[in-house]
Amino acid sequence: MRTSWWLLGVALAAPPEPVTTAPLAPSLHQAMAERLRIVSQAREAVIAGNMEGVHDAARALERVPAPPTRPEWADFVVDLQLFTTAARGATSVAEAADAVAAVTQACARCHERAAGGPDLTSSALPPVTWSSDVQMSRHAWAMSWLGLGLLKPNDDAWRRGAQQLADEPPPTTARSEEIVALEAQLRELGARAVTTQAGPDRSVVYAQLLTTCARCHMRREGE
Ligand code: HEC
Ligand code: HEC
């Protein structure tokens, strides 16, 4: 019997049955929703250049009860632990970005195998189209969909975020050379992400994007 779950902002009405396995127990659904919350927090911490936030999120992820160890999932669980440890020990934003991307990719590999992962039609997720009434910046909206696209994994969600960054118009007002360069880099990485095929290449470009966001935000702090 399936109930509808509304946990931590993720609507979980009748998730699709996994192809290869029996459904997860309710407590495991709850643990997965908790993982999504923490991985989103880790992504936001990298974007803000907040290393302490990344370390805290990694520690929180380590405290979530381990995913079910079905024999065919064992490698994904090991990867998840490995990259979570890397995030906890990251000493630079680039390292933190790599680790958060690798964690997300580890989640994705198991979801792909188990036909699981977040419900991308939930009303709790950012709306499909960005508009100025969305209570988040265009950049945050784009990275949120890229993150969900990587995690599920799902091509439409990934490309939605990538295309938004690729299409961002260049600034019209006078800006410093560094700002113009960072914004151009976001557009280029966005365009590259649009055509990057699913798999490890996507986590590479995702990490580069996270690092680019952080470089601009950290620069402000230093001023
Ligand atoms: C070992 C395998 C495995 C790993 C690793 C894994 N998941 Fe999952 N996850 C699943 C399965 C299986 C489901 C779907 C189960 C179902 O529909 O019955 C799922 C579902 C989900 C859901 C939807 C929750 C629900 O109740 O339907 C979210 C959100 C989620 N995972 C997030 C994550 C995040 C974030 C990570 C990485 C930090 C992660 N998962 C790592 C196997 C895994
Ligand atoms: C070229 C510089 C630059 C880049 C690159 C950049 N940002 Fe920002 N971002 C800013 C500035 C400046 C602010 C502060 C704006 C303000 O306080 O109104 C900001 C603020 C934010 C905020 C906080 C908004 C709020 O309402 O408080 C978020 C979230 C954000 N950026 C996300 C991102 C993401 C995600 C990326 C990467 C895809 C990114 N930014 C890339 C310059 C940048």
# chains A, B, ... in the order shown; residues from 1 in each chain; ligands from 1
>>> residues_around(residues="Leu148 of chain A", least_positions_apart="5", cutoff="9 Å", atoms="only C-alpha atoms", output="PyMOL selection string")
chain A and resi 104+118+120+143+153-154+157-158
>>> select_by_dssp(residues="segment 8-213 of chain A", states="alpha helix (DSSP H)", output="PDB file with C-alpha atoms, in the first residue's frame")
ATOM      1  CA  PRO A  26       8.666   4.933   4.492  1.00  0.00           C
ATOM      2  CA  SER A  27      11.638   5.685   6.751  1.00  0.00           C
ATOM      3  CA  LEU A  28      13.947   5.323   3.753  1.00  0.00           C
ATOM      4  CA  HIS A  29      11.851   7.769   1.727  1.00  0.00           C
ATOM      5  CA  GLN A  30      12.234  10.175   4.602  1.00  0.00           C
ATOM      6  CA  ALA A  31      16.003   9.641   4.618  1.00  0.00           C
ATOM      7  CA  MET A  32      16.134  10.326   0.857  1.00  0.00           C
ATOM      8  CA  ALA A  33      14.160  13.576   1.284  1.00  0.00           C
ATOM      9  CA  GLU A  34      16.628  14.543   4.009  1.00  0.00           C
ATOM     10  CA  ARG A  35      19.533  13.823   1.655  1.00  0.00           C
ATOM     11  CA  LEU A  36      18.002  16.085  -0.985  1.00  0.00           C
ATOM     12  CA  ARG A  37      17.652  18.889   1.547  1.00  0.00           C
ATOM     13  CA  ILE A  38      21.281  18.504   2.649  1.00  0.00           C
ATOM     14  CA  VAL A  39      22.727  18.217  -0.861  1.00  0.00           C
ATOM     15  CA  SER A  40      20.846  21.404  -1.828  1.00  0.00           C
ATOM     16  CA  GLN A  41      22.320  23.107   1.232  1.00  0.00           C
ATOM     17  CA  ALA A  42      25.808  21.951   0.240  1.00  0.00           C
ATOM     18  CA  ARG A  43      25.304  23.349  -3.270  1.00  0.00           C
ATOM     19  CA  GLU A  44      24.180  26.707  -1.878  1.00  0.00           C
ATOM     20  CA  ALA A  45      27.145  26.810   0.493  1.00  0.00           C
ATOM     21  CA  VAL A  46      29.607  26.272  -2.382  1.00  0.00           C
ATOM     22  CA  ILE A  47      27.841  28.989  -4.415  1.00  0.00           C
ATOM     23  CA  MET A  51      33.389  26.421   3.253  1.00  0.00           C
ATOM     24  CA  GLU A  52      32.089  25.964   6.773  1.00  0.00           C
ATOM     25  CA  GLY A  53      28.610  25.479   5.330  1.00  0.00           C
ATOM     26  CA  VAL A  54      29.946  22.768   2.991  1.00  0.00           C
ATOM     27  CA  HIS A  55      31.665  20.967   5.877  1.00  0.00           C
ATOM     28  CA  ASP A  56      28.501  21.179   8.009  1.00  0.00           C
ATOM     29  CA  ALA A  57      26.360  19.778   5.191  1.00  0.00           C
ATOM     30  CA  ALA A  58      28.827  16.903   4.652  1.00  0.00           C
ATOM     31  CA  ARG A  59      28.703  16.052   8.360  1.00  0.00           C
ATOM     32  CA  ALA A  60      24.895  16.159   8.257  1.00  0.00           C
ATOM     33  CA  LEU A  61      24.901  13.827   5.249  1.00  0.00           C
ATOM     34  CA  GLU A  62      27.097  11.376   7.136  1.00  0.00           C
ATOM     35  CA  ARG A  63      24.515  11.284   9.927  1.00  0.00           C
ATOM     36  CA  ALA A  74      26.882  -1.480  -2.754  1.00  0.00           C
ATOM     37  CA  ASP A  75      29.301   0.455  -5.007  1.00  0.00           C
ATOM     38  CA  PHE A  76      27.071   3.529  -5.040  1.00  0.00           C
ATOM     39  CA  VAL A  77      26.882   3.580  -1.255  1.00  0.00           C
ATOM     40  CA  VAL A  78      30.695   3.360  -1.037  1.00  0.00           C
ATOM     41  CA  ASP A  79      31.051   6.214  -3.583  1.00  0.00           C
ATOM     42  CA  LEU A  80      28.587   8.332  -1.654  1.00  0.00           C
ATOM     43  CA  GLN A  81      30.564   7.863   1.574  1.00  0.00           C
ATOM     44  CA  LEU A  82      33.872   8.525  -0.155  1.00  0.00           C
ATOM     45  CA  PHE A  83      32.796  11.793  -1.753  1.00  0.00           C
ATOM     46  CA  THR A  84      30.961  12.949   1.370  1.00  0.00           C
ATOM     47  CA  THR A  85      34.250  12.527   3.252  1.00  0.00           C
ATOM     48  CA  ALA A  86      35.982  14.517   0.506  1.00  0.00           C
ATOM     49  CA  ALA A  87      33.418  17.332   0.931  1.00  0.00           C
ATOM     50  CA  ARG A  88      33.974  17.331   4.696  1.00  0.00           C
ATOM     51  CA  GLY A  89      37.727  17.705   4.195  1.00  0.00           C
ATOM     52  CA  VAL A  93      36.062  26.083  -3.111  1.00  0.00           C
ATOM     53  CA  ALA A  94      37.194  24.124  -6.182  1.00  0.00           C
ATOM     54  CA  GLU A  95      37.670  20.985  -4.061  1.00  0.00           C
ATOM     55  CA  ALA A  96      34.302  21.523  -2.381  1.00  0.00           C
ATOM     56  CA  ALA A  97      32.621  21.998  -5.786  1.00  0.00           C
ATOM     57  CA  ASP A  98      34.200  18.783  -7.114  1.00  0.00           C
ATOM     58  CA  ALA A  99      33.106  16.854  -4.022  1.00  0.00           C
ATOM     59  CA  VAL A 100      29.520  18.160  -4.081  1.00  0.00           C
ATOM     60  CA  ALA A 101      29.272  17.330  -7.794  1.00  0.00           C
ATOM     61  CA  ALA A 102      30.696  13.843  -7.131  1.00  0.00           C
ATOM     62  CA  VAL A 103      28.250  13.261  -4.251  1.00  0.00           C
ATOM     63  CA  THR A 104      25.354  14.257  -6.529  1.00  0.00           C
ATOM     64  CA  GLN A 105      26.667  11.958  -9.252  1.00  0.00           C
ATOM     65  CA  ALA A 106      26.903   9.084  -6.734  1.00  0.00           C
ATOM     66  CA  CYS A 107      23.227   9.640  -5.802  1.00  0.00           C
ATOM     67  CA  ALA A 108      22.366   9.699  -9.520  1.00  0.00           C
ATOM     68  CA  ARG A 109      24.114   6.427 -10.329  1.00  0.00           C
ATOM     69  CA  CYS A 110      22.034   4.597  -7.746  1.00  0.00           C
ATOM     70  CA  HIS A 111      18.817   6.327  -8.844  1.00  0.00           C
ATOM     71  CA  GLU A 112      19.486   5.344 -12.426  1.00  0.00           C
ATOM     72  CA  ARG A 113      20.037   1.752 -11.437  1.00  0.00           C
ATOM     73  CA  ALA A 114      17.057   1.658  -9.066  1.00  0.00           C
ATOM     74  CA  ARG A 138      17.882  33.498 -12.157  1.00  0.00           C
ATOM     75  CA  HIS A 139      21.288  32.048 -11.309  1.00  0.00           C
ATOM     76  CA  ALA A 140      20.017  30.172  -8.253  1.00  0.00           C
ATOM     77  CA  TRP A 141      17.035  28.892 -10.256  1.00  0.00           C
ATOM     78  CA  ALA A 142      19.341  27.623 -13.011  1.00  0.00           C
ATOM     79  CA  MET A 143      21.719  25.873 -10.595  1.00  0.00           C
ATOM     80  CA  SER A 144      18.797  24.308  -8.770  1.00  0.00           C
ATOM     81  CA  TRP A 145      17.535  22.677 -12.004  1.00  0.00           C
ATOM     82  CA  LEU A 146      21.050  21.668 -13.022  1.00  0.00           C
ATOM     83  CA  GLY A 147      21.478  20.042  -9.598  1.00  0.00           C
ATOM     84  CA  LEU A 148      18.157  18.205  -9.868  1.00  0.00           C
ATOM     85  CA  GLY A 149      18.984  17.156 -13.431  1.00  0.00           C
ATOM     86  CA  LEU A 150      22.282  15.700 -12.235  1.00  0.00           C
ATOM     87  CA  LEU A 151      20.737  14.003  -9.191  1.00  0.00           C
ATOM     88  CA  ASP A 155      17.997  15.490 -19.264  1.00  0.00           C
ATOM     89  CA  ASP A 156      15.160  18.028 -19.387  1.00  0.00           C
ATOM     90  CA  ALA A 157      15.859  19.381 -15.913  1.00  0.00           C
ATOM     91  CA  TRP A 158      19.593  19.570 -16.650  1.00  0.00           C
ATOM     92  CA  ARG A 159      19.148  21.391 -19.973  1.00  0.00           C
ATOM     93  CA  ARG A 160      16.557  23.770 -18.512  1.00  0.00           C
ATOM     94  CA  GLY A 161      19.152  25.102 -16.060  1.00  0.00           C
ATOM     95  CA  ALA A 162      22.007  25.038 -18.575  1.00  0.00           C
ATOM     96  CA  GLN A 163      20.043  26.914 -21.246  1.00  0.00           C
ATOM     97  CA  GLN A 164      19.112  29.653 -18.809  1.00  0.00           C
ATOM     98  CA  LEU A 165      22.783  30.347 -18.061  1.00  0.00           C
ATOM     99  CA  ALA A 166      23.741  30.106 -21.737  1.00  0.00           C
ATOM    100  CA  ASP A 167      21.023  32.627 -22.708  1.00  0.00           C
ATOM    101  CA  GLU A 177      36.814  43.449 -16.404  1.00  0.00           C
ATOM    102  CA  GLU A 178      36.763  40.687 -13.828  1.00  0.00           C
ATOM    103  CA  ILE A 179      32.963  40.752 -13.491  1.00  0.00           C
ATOM    104  CA  VAL A 180      32.486  40.764 -17.258  1.00  0.00           C
ATOM    105  CA  ALA A 181      34.879  37.793 -17.542  1.00  0.00           C
ATOM    106  CA  LEU A 182      33.122  35.801 -14.806  1.00  0.00           C
ATOM    107  CA  GLU A 183      29.728  36.407 -16.382  1.00  0.00           C
ATOM    108  CA  ALA A 184      31.075  35.395 -19.791  1.00  0.00           C
ATOM    109  CA  GLN A 185      32.454  32.230 -18.198  1.00  0.00           C
ATOM    110  CA  LEU A 186      29.008  31.394 -16.801  1.00  0.00           C
ATOM    111  CA  ARG A 187      27.479  31.766 -20.270  1.00  0.00           C
ATOM    112  CA  GLU A 188      30.186  29.596 -21.865  1.00  0.00           C
ATOM    113  CA  LEU A 189      29.902  26.892 -19.227  1.00  0.00           C
ATOM    114  CA  GLY A 190      26.099  27.037 -19.554  1.00  0.00           C
ATOM    115  CA  ALA A 191      26.379  26.555 -23.325  1.00  0.00           C
ATOM    116  CA  ARG A 192      28.798  23.667 -22.805  1.00  0.00           C
ATOM    117  CA  ALA A 193      26.439  22.099 -20.256  1.00  0.00           C
ATOM    118  CA  VAL A 194      23.555  22.196 -22.769  1.00  0.00           C
ATOM    119  CA  THR A 195      25.433  19.771 -25.018  1.00  0.00           C
ATOM    120  CA  PRO A 200      30.616  12.007 -15.305  1.00  0.00           C
ATOM    121  CA  ASP A 201      31.175  14.867 -17.821  1.00  0.00           C
ATOM    122  CA  ARG A 202      28.119  16.591 -16.384  1.00  0.00           C
ATOM    123  CA  SER A 203      29.538  16.557 -12.870  1.00  0.00           C
ATOM    124  CA  VAL A 204      32.733  18.169 -14.193  1.00  0.00           C
ATOM    125  CA  VAL A 205      30.884  21.083 -15.795  1.00  0.00           C
ATOM    126  CA  TYR A 206      28.564  21.344 -12.756  1.00  0.00           C
ATOM    127  CA  ALA A 207      31.589  21.720 -10.451  1.00  0.00           C
ATOM    128  CA  GLN A 208      33.094  24.364 -12.763  1.00  0.00           C
ATOM    129  CA  LEU A 209      29.834  26.311 -12.686  1.00  0.00           C
ATOM    130  CA  LEU A 210      29.642  26.147  -8.883  1.00  0.00           C
ATOM    131  CA  THR A 211      33.232  27.392  -8.665  1.00  0.00           C
ATOM    132  CA  THR A 212      32.481  30.298 -11.016  1.00  0.00           C
ATOM    133  CA  CYS A 213      29.488  31.397  -8.918  1.00  0.00           C
TER     134      CYS A 213
END
>>> closest_residue(among="A:Thr196, A:Ser123, A:Thr172, A:Ser137", to="ligand 2", atoms="only C-alpha atoms and all ligand atoms")
A:Ser137
>>> atom_distance(atom1="atom 20 (C, counted along the ligand's line) of ligand 1", atom2="atom CA of Pro71 of chain A")
17.1 Å
>>> atom_distance(atom1="atom 38 (C, counted along the ligand's line) of ligand 1", atom2="atom CA of Ala48 of chain A")
19.9 Å
>>> closest_residue(among="A:Pro126, A:Gly49, A:Gly117, A:Pro169", to="ligand 1", atoms="only C-alpha atoms and all ligand atoms")
A:Gly117
